[in-house]
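final_2.cif follows (mmCIF, C-alpha atoms):
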data_coords
#
loop_
_atom_site.label_atom_id
_atom_site.label_comp_id
_atom_site.auth_asym_id
_atom_site.auth_seq_id
_atom_site.Cartn_x
_atom_site.Cartn_y
_atom_site.Cartn_z
CA LYS L 1 0.00 0.00 0.00
CA SER L 2 1.44 3.34 -1.07
CA SER L 3 -0.01 6.47 0.52
CA LEU L 4 0.70 9.97 -0.79
CA THR L 5 -0.37 12.86 1.47
CA CYS L 6 -0.48 16.48 0.30
CA SER L 7 1.25 18.80 2.78
CA HIS L 8 -0.99 21.69 1.65
CA CYS L 9 -4.54 20.29 1.87
CA GLY L 10 -3.98 16.96 3.68
CA PHE L 11 -5.58 14.89 0.91
CA CYS L 12 -4.35 11.28 1.00
CA SER L 13 -4.17 9.24 -2.19
CA THR L 14 -3.76 5.49 -1.75
CA VAL L 15 -2.61 2.95 -4.33
CA PHE L 16 -2.39 -0.80 -3.81
CA ASP L 17 0.59 -2.31 -5.62
CA PRO L 18 0.83 -6.11 -5.61
CA PHE L 19 4.38 -7.40 -5.36
CA TRP L 20 6.28 -10.62 -6.01
CA ASP L 21 9.38 -9.48 -4.19
CA LEU L 22 10.72 -6.46 -2.35
CA SER L 23 14.03 -4.91 -3.45
CA LEU L 24 15.44 -3.48 -0.26
CA PRO L 25 18.08 -0.73 -0.29
CA ILE L 26 21.16 -1.13 1.87
CA ALA L 27 21.80 1.60 4.42
CA LYS L 28 24.35 4.24 3.37
CA LYS L 29 27.28 2.78 5.28
CA GLY L 30 29.15 0.37 3.02
CA TYR L 31 30.87 -1.70 5.69
CA GLY L 32 30.20 -3.52 8.92
CA GLU L 33 26.93 -5.22 9.80
CA VAL L 34 23.31 -4.23 9.34
CA SER L 35 20.13 -6.10 10.15
CA LEU L 36 17.36 -7.09 7.78
CA MET L 37 15.03 -4.94 9.87
CA ASP L 38 17.27 -1.93 9.05
CA PHE L 39 16.58 -2.66 5.36
CA MET L 40 12.84 -2.92 5.94
CA ARG L 41 12.72 0.31 7.96
CA LEU L 42 14.68 2.15 5.28
CA PHE L 43 12.35 0.79 2.57
CA THR L 44 9.18 1.81 4.44
CA GLU L 45 10.32 5.09 5.98
CA GLU L 46 8.25 8.13 5.09
CA ASP L 47 9.72 10.07 2.19
CA VAL L 48 9.18 13.77 1.45
CA LEU L 49 8.61 14.56 -2.22
CA ASP L 50 9.59 18.15 -2.89
CA GLY L 51 11.31 20.27 -5.54
CA ASP L 52 11.43 18.44 -8.88
CA GLU L 53 9.81 15.38 -7.26
CA LYS L 54 6.57 17.21 -6.33
CA PRO L 55 3.56 15.25 -7.56
CA THR L 56 0.28 16.84 -8.60
CA CYS L 57 -2.26 16.73 -5.78
CA TYR L 58 -5.58 15.26 -6.93
CA ARG L 59 -7.58 17.74 -4.82
CA CYS L 60 -5.45 20.91 -5.26
CA LYS L 61 -4.82 20.22 -8.98
CA ALA L 62 -1.31 21.67 -8.49
CA LYS L 63 2.19 20.34 -7.85
CA ARG L 64 2.54 20.18 -4.06
CA ARG L 65 5.03 18.98 -1.47
CA CYS L 66 3.85 15.53 -0.35
CA THR L 67 4.87 12.69 1.93
CA LYS L 68 4.95 9.11 0.66
CA LYS L 69 4.66 6.06 2.90
CA PHE L 70 4.78 2.33 2.09
CA THR L 71 3.10 -0.31 4.23
CA VAL L 72 2.04 -3.89 3.58
CA GLN L 73 -1.71 -4.39 3.28
CA LYS L 74 -1.62 -8.19 2.99
CA PHE L 75 1.40 -10.38 3.61
CA PRO L 76 2.06 -13.12 1.04
CA LYS L 77 2.56 -16.80 1.87
CA ILE L 78 6.01 -16.65 0.24
CA LEU L 79 8.08 -13.50 0.78
CA VAL L 80 11.10 -12.85 -1.45
CA LEU L 81 13.51 -10.15 -0.27
CA HIS L 82 16.17 -8.89 -2.68
CA LEU L 83 19.07 -7.16 -0.93
CA LYS L 84 20.22 -4.39 -3.27
CA ARG L 85 23.97 -4.74 -2.82
CA SER L 86 25.21 -2.85 -5.87
CA SER L 87 26.19 0.81 -5.73
CA GLU L 88 27.33 3.43 -8.21
CA ALA L 89 30.82 4.83 -7.73
CA ARG L 90 32.53 6.95 -10.38
CA ASN L 91 30.72 5.43 -13.35
CA THR L 92 31.32 1.88 -12.12
CA ARG L 93 29.06 -0.49 -10.26
CA ARG L 94 30.34 -2.39 -7.28
CA GLN L 95 28.85 -4.84 -4.86
CA LYS L 96 28.62 -4.05 -1.15
CA THR L 97 29.94 -7.00 0.84
CA MET L 98 28.66 -6.09 4.29
CA PHE L 99 27.19 -8.76 6.51
CA VAL L 100 23.40 -8.57 6.75
CA ASN L 101 22.04 -10.18 9.88
CA PHE L 102 18.74 -11.85 9.01
CA PRO L 103 16.64 -14.16 11.17
CA MET L 104 16.20 -17.76 10.15
CA GLU L 105 13.03 -18.07 12.22
CA ASP L 106 10.36 -15.69 13.44
CA LEU L 107 10.98 -12.71 11.15
CA ASP L 108 8.22 -10.49 12.57
CA LEU L 109 7.07 -7.86 10.07
CA ARG L 110 3.92 -6.70 11.86
CA GLU L 111 5.36 -3.20 12.37
CA PHE L 112 5.20 -2.72 8.57
CA ALA L 113 1.53 -3.71 8.27
CA SER L 114 -1.11 -1.20 7.14
CA GLU L 115 -3.46 -2.50 9.80
CA ASN L 116 -3.13 -4.89 12.73
CA SER L 117 -1.96 -8.17 11.23
CA ILE L 118 -1.31 -11.35 13.12
CA ASN L 119 -0.08 -13.19 10.01
CA ALA L 120 3.25 -11.45 9.44
CA VAL L 121 5.80 -13.85 10.95
CA TYR L 122 8.11 -15.72 8.57
CA ASN L 123 10.66 -18.52 8.56
CA LEU L 124 13.60 -18.65 6.17
CA TYR L 125 13.70 -21.59 3.76
CA ALA L 126 16.27 -20.55 1.12
CA VAL L 127 19.03 -18.06 0.33
CA SER L 128 20.51 -17.16 -3.04
CA ASN L 129 24.13 -16.02 -2.71
CA HIS L 130 26.31 -14.03 -5.07
CA SER L 131 30.08 -13.77 -4.78
CA GLY L 132 32.22 -11.65 -7.06
CA THR L 133 31.47 -8.31 -8.68
CA THR L 134 28.51 -6.86 -10.54
CA MET L 135 30.39 -7.58 -13.77
CA GLY L 136 30.78 -11.26 -13.00
CA GLY L 137 30.67 -13.75 -10.22
CA HIS L 138 29.20 -16.98 -8.99
CA TYR L 139 25.78 -17.90 -7.60
CA THR L 140 25.11 -20.57 -4.99
CA ALA L 141 22.02 -21.40 -2.95
CA TYR L 142 21.25 -22.66 0.52
CA CYS L 143 17.94 -24.47 0.96
CA ARG L 144 16.21 -26.07 3.92
CA ASN L 145 14.57 -29.46 3.46
CA PRO L 146 10.92 -28.92 4.54
CA ASN L 147 10.63 -32.45 5.96
CA SER L 148 13.87 -32.82 7.91
CA GLY L 149 14.71 -29.15 8.52
CA GLU L 150 18.30 -29.83 7.40
CA TRP L 151 20.14 -27.27 5.25
CA TYR L 152 21.90 -27.99 1.94
CA THR L 153 24.32 -26.08 -0.28
CA PHE L 154 23.61 -26.02 -4.03
CA ASN L 155 26.78 -25.19 -5.97
CA ASP L 156 26.64 -25.90 -9.69
CA SER L 157 26.15 -29.67 -9.96
CA ARG L 158 26.93 -30.41 -6.30
CA VAL L 159 24.45 -30.61 -3.44
CA THR L 160 25.97 -31.09 0.02
CA PRO L 161 24.65 -30.93 3.59
CA MET L 162 25.61 -27.87 5.59
CA SER L 163 25.30 -26.54 9.11
CA SER L 164 22.52 -24.04 9.75
CA SER L 165 25.16 -21.79 11.35
CA GLN L 166 26.66 -21.23 7.86
CA VAL L 167 23.44 -19.94 6.25
CA ARG L 168 24.09 -16.31 7.16
CA SER L 169 26.93 -14.85 5.09
CA SER L 170 28.01 -11.59 3.47
CA ASP L 171 27.18 -13.16 0.07
CA ALA L 172 23.41 -13.38 0.79
CA TYR L 173 21.60 -11.71 -2.10
CA VAL L 174 17.99 -12.96 -2.15
CA LEU L 175 16.15 -14.32 0.90
CA PHE L 176 13.14 -16.63 0.62
CA TYR L 177 10.74 -16.71 3.57
CA GLU L 178 7.56 -18.68 4.17
CA LEU L 179 4.70 -17.41 6.32
CA ALA L 180 4.80 -19.31 9.60
CA SER L 181 1.83 -21.67 9.92
CA SER L 182 0.73 -19.97 13.13
CA SER L 183 1.99 -16.88 14.87
CA ARG L 184 3.40 -17.74 18.28
CA MET L 185 3.21 -14.14 19.50
#
Encoding of this model in structure tokens:
Amino acid sequence: KSSLTCSHCGFCSTVFDPFWDLSLPIAKKGYGEVSLMDFMRLFTEEDVLDGDEKPTCYRCKAKRRCTKKFTVQKFPKILVLHLKRSSEARNTRRQKTMFVNFPMEDLDLREFASENSINAVYNLYAVSNHSGTTMGGHYTAYCRNPNSGEWYTFNDSRVTPMSSSQVRSSDAYVLFYELASSSRM
């Protein structure tokens, strides 16, 4: 749900945009550790549209300073989160290699809901990793077996068991979450 509020007359325009995935921006610092919740808060933080970005207010019929806010109206069963790791630097693109701390269980996104939602808790079931640069690199995947709960590494033609403690890495690029069957909170 995208809400645009005119700072002049207070009119609020709401648009519902369905999504398959969310591309989350990385915080400005290009080193160290950030949490997945930092990404979500940055993605959903209220944005002021002013200057050249001023939209036309539906009620005022004029370009006005507005605030824009994203919230989630309905949480999907499968949530795909793309961590936008590339950045522009002097006409070249590079990949940020910071460690993103993401929960493997009980990712609680209720604070980003448009209305009170009890169905907004997720469990991780797969991670797509990218190592290298934006010009080239290598993709691997980590996936959890839904029956046994064990984790596996998928690397080209090889599939090998892995420890769940290895799932979080600075190469994580796309996170795949499944809505928990029942919220425990």
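Of the listed residues L:Phe112, L:Tyr152, L:Tyr58, L:Tyr177, the one whose atoms come nearest to Ser165 of chain L is L:Tyr152, with distances taken using all atoms listed in the file.
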Point (24.7, -32.8, 6.2), cut-off 12 Å, counting only C-alpha atoms, residues as a PyMOL selection string: chain L and resi 143-145+148-153+159-164+166
Pull the neighbourhood of (24.5, -23.4, -5.0) for me: all residues within 9 Å in file coordinates, counting all atoms listed in the file, as number ranges by chain. L: 128-129, 138-143, 152-159
Give the answer as one residue: which of L:Leu107, L:Ile118, L:Met98, L:Leu49 has the shortest atom-to-atom distance to Leu79 of chain L, using only C-alpha atoms?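 For Leu79 of chain L, the nearest of the candidates is L:Leu107.
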Here is a test: counting only C-alpha atoms, which residue of L:Lys61, L:His82, L:Arg110, L:His8 is nearest to Ala172 of chain L?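 Closest residue, counting only C-alpha atoms: L:His82.
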Complete the atom set of segment 110-121 of chain L to all heavy atoms and return it as a CSV table (one decimal), in the frame of the given file.
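Contents of rebuild-v5.csv, as written:
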chain,number,residue,atom,x,y,z
L,110,ARG,N,5.2,-7.4,11.5
L,110,ARG,CA,3.9,-6.7,11.9
L,110,ARG,C,4.0,-5.2,11.9
L,110,ARG,O,3.1,-4.5,11.7
L,110,ARG,CB,3.4,-7.3,13.2
L,110,ARG,CG,2.8,-8.7,13.0
L,110,ARG,CD,2.3,-9.3,14.2
L,110,ARG,NE,3.4,-9.5,15.2
L,110,ARG,CZ,3.3,-10.1,16.3
L,110,ARG,NH1,2.1,-10.5,16.7
L,110,ARG,NH2,4.3,-10.3,17.1
L,111,GLU,N,5.2,-4.7,12.3
L,111,GLU,CA,5.4,-3.2,12.4
L,111,GLU,C,5.2,-2.5,11.0
L,111,GLU,O,5.0,-1.3,10.9
L,111,GLU,CB,6.7,-2.8,13.0
L,111,GLU,CG,7.9,-3.0,12.2
L,111,GLU,CD,9.2,-2.6,12.9
L,111,GLU,OE1,9.7,-3.3,13.7
L,111,GLU,OE2,9.6,-1.4,12.7
L,112,PHE,N,5.3,-3.3,9.9
L,112,PHE,CA,5.2,-2.7,8.6
L,112,PHE,C,3.8,-2.9,8.0
L,112,PHE,O,3.6,-2.6,6.8
L,112,PHE,CB,6.3,-3.3,7.7
L,112,PHE,CG,7.6,-3.2,8.3
L,112,PHE,CD1,8.3,-4.3,8.8
L,112,PHE,CD2,8.3,-2.0,8.4
L,112,PHE,CE1,9.5,-4.2,9.3
L,112,PHE,CE2,9.5,-1.9,8.9
L,112,PHE,CZ,10.2,-3.0,9.4
L,113,ALA,N,2.9,-3.4,8.8
L,113,ALA,CA,1.5,-3.7,8.3
L,113,ALA,C,0.7,-2.4,8.2
L,113,ALA,O,0.8,-1.5,9.1
L,113,ALA,CB,0.8,-4.7,9.2
L,114,SER,N,-0.2,-2.3,7.2
L,114,SER,CA,-1.1,-1.2,7.1
L,114,SER,C,-2.1,-1.2,8.3
L,114,SER,O,-2.5,-0.1,8.8
L,114,SER,CB,-1.9,-1.3,5.8
L,114,SER,OG,-1.1,-1.2,4.7
L,115,GLU,N,-2.5,-2.3,8.7
L,115,GLU,CA,-3.5,-2.5,9.8
L,115,GLU,C,-2.9,-3.6,10.7
L,115,GLU,O,-2.0,-4.3,10.3
L,115,GLU,CB,-4.8,-2.9,9.3
L,115,GLU,CG,-5.4,-1.8,8.3
L,115,GLU,CD,-6.5,-2.3,7.5
L,115,GLU,OE1,-6.9,-3.5,7.6
L,115,GLU,OE2,-7.0,-1.5,6.6
L,116,ASN,N,-3.6,-3.8,11.8
L,116,ASN,CA,-3.1,-4.9,12.7
L,116,ASN,C,-3.2,-6.2,12.0
L,116,ASN,O,-4.2,-6.6,11.4
L,116,ASN,CB,-4.0,-5.0,14.0
L,116,ASN,CG,-3.8,-3.8,14.9
L,116,ASN,OD1,-2.7,-3.1,14.8
L,116,ASN,ND2,-4.7,-3.5,15.8
L,117,SER,N,-2.0,-6.9,11.9
L,117,SER,CA,-2.0,-8.2,11.2
L,117,SER,C,-1.3,-9.2,12.1
L,117,SER,O,-0.2,-8.9,12.7
L,117,SER,CB,-1.2,-8.0,9.9
L,117,SER,OG,-1.0,-9.2,9.3
L,118,ILE,N,-1.9,-10.3,12.3
L,118,ILE,CA,-1.3,-11.4,13.1
L,118,ILE,C,-0.5,-12.3,12.2
L,118,ILE,O,0.3,-13.0,12.7
L,118,ILE,CB,-2.3,-12.1,14.0
L,118,ILE,CG1,-3.4,-12.8,13.1
L,118,ILE,CG2,-3.0,-11.3,15.0
L,118,ILE,CD1,-4.3,-13.7,13.8
L,119,ASN,N,-0.8,-12.3,10.9
L,119,ASN,CA,-0.1,-13.2,10.0
L,119,ASN,C,1.0,-12.5,9.3
L,119,ASN,O,0.9,-12.1,8.1
L,119,ASN,CB,-1.1,-13.8,9.0
L,119,ASN,CG,-2.0,-14.7,9.6
L,119,ASN,OD1,-1.7,-15.4,10.6
L,119,ASN,ND2,-3.2,-14.8,9.2
L,120,ALA,N,2.1,-12.2,10.0
L,120,ALA,CA,3.2,-11.4,9.4
L,120,ALA,C,4.6,-12.0,10.0
L,120,ALA,O,5.5,-11.2,10.1
L,120,ALA,CB,3.1,-10.0,9.6
L,121,VAL,N,4.6,-13.2,10.4
L,121,VAL,CA,5.8,-13.8,11.0
L,121,VAL,C,6.3,-14.9,10.0
L,121,VAL,O,5.5,-15.8,9.5
L,121,VAL,CB,5.5,-14.4,12.3
L,121,VAL,CG1,6.8,-15.1,12.9
L,121,VAL,CG2,5.0,-13.4,13.3
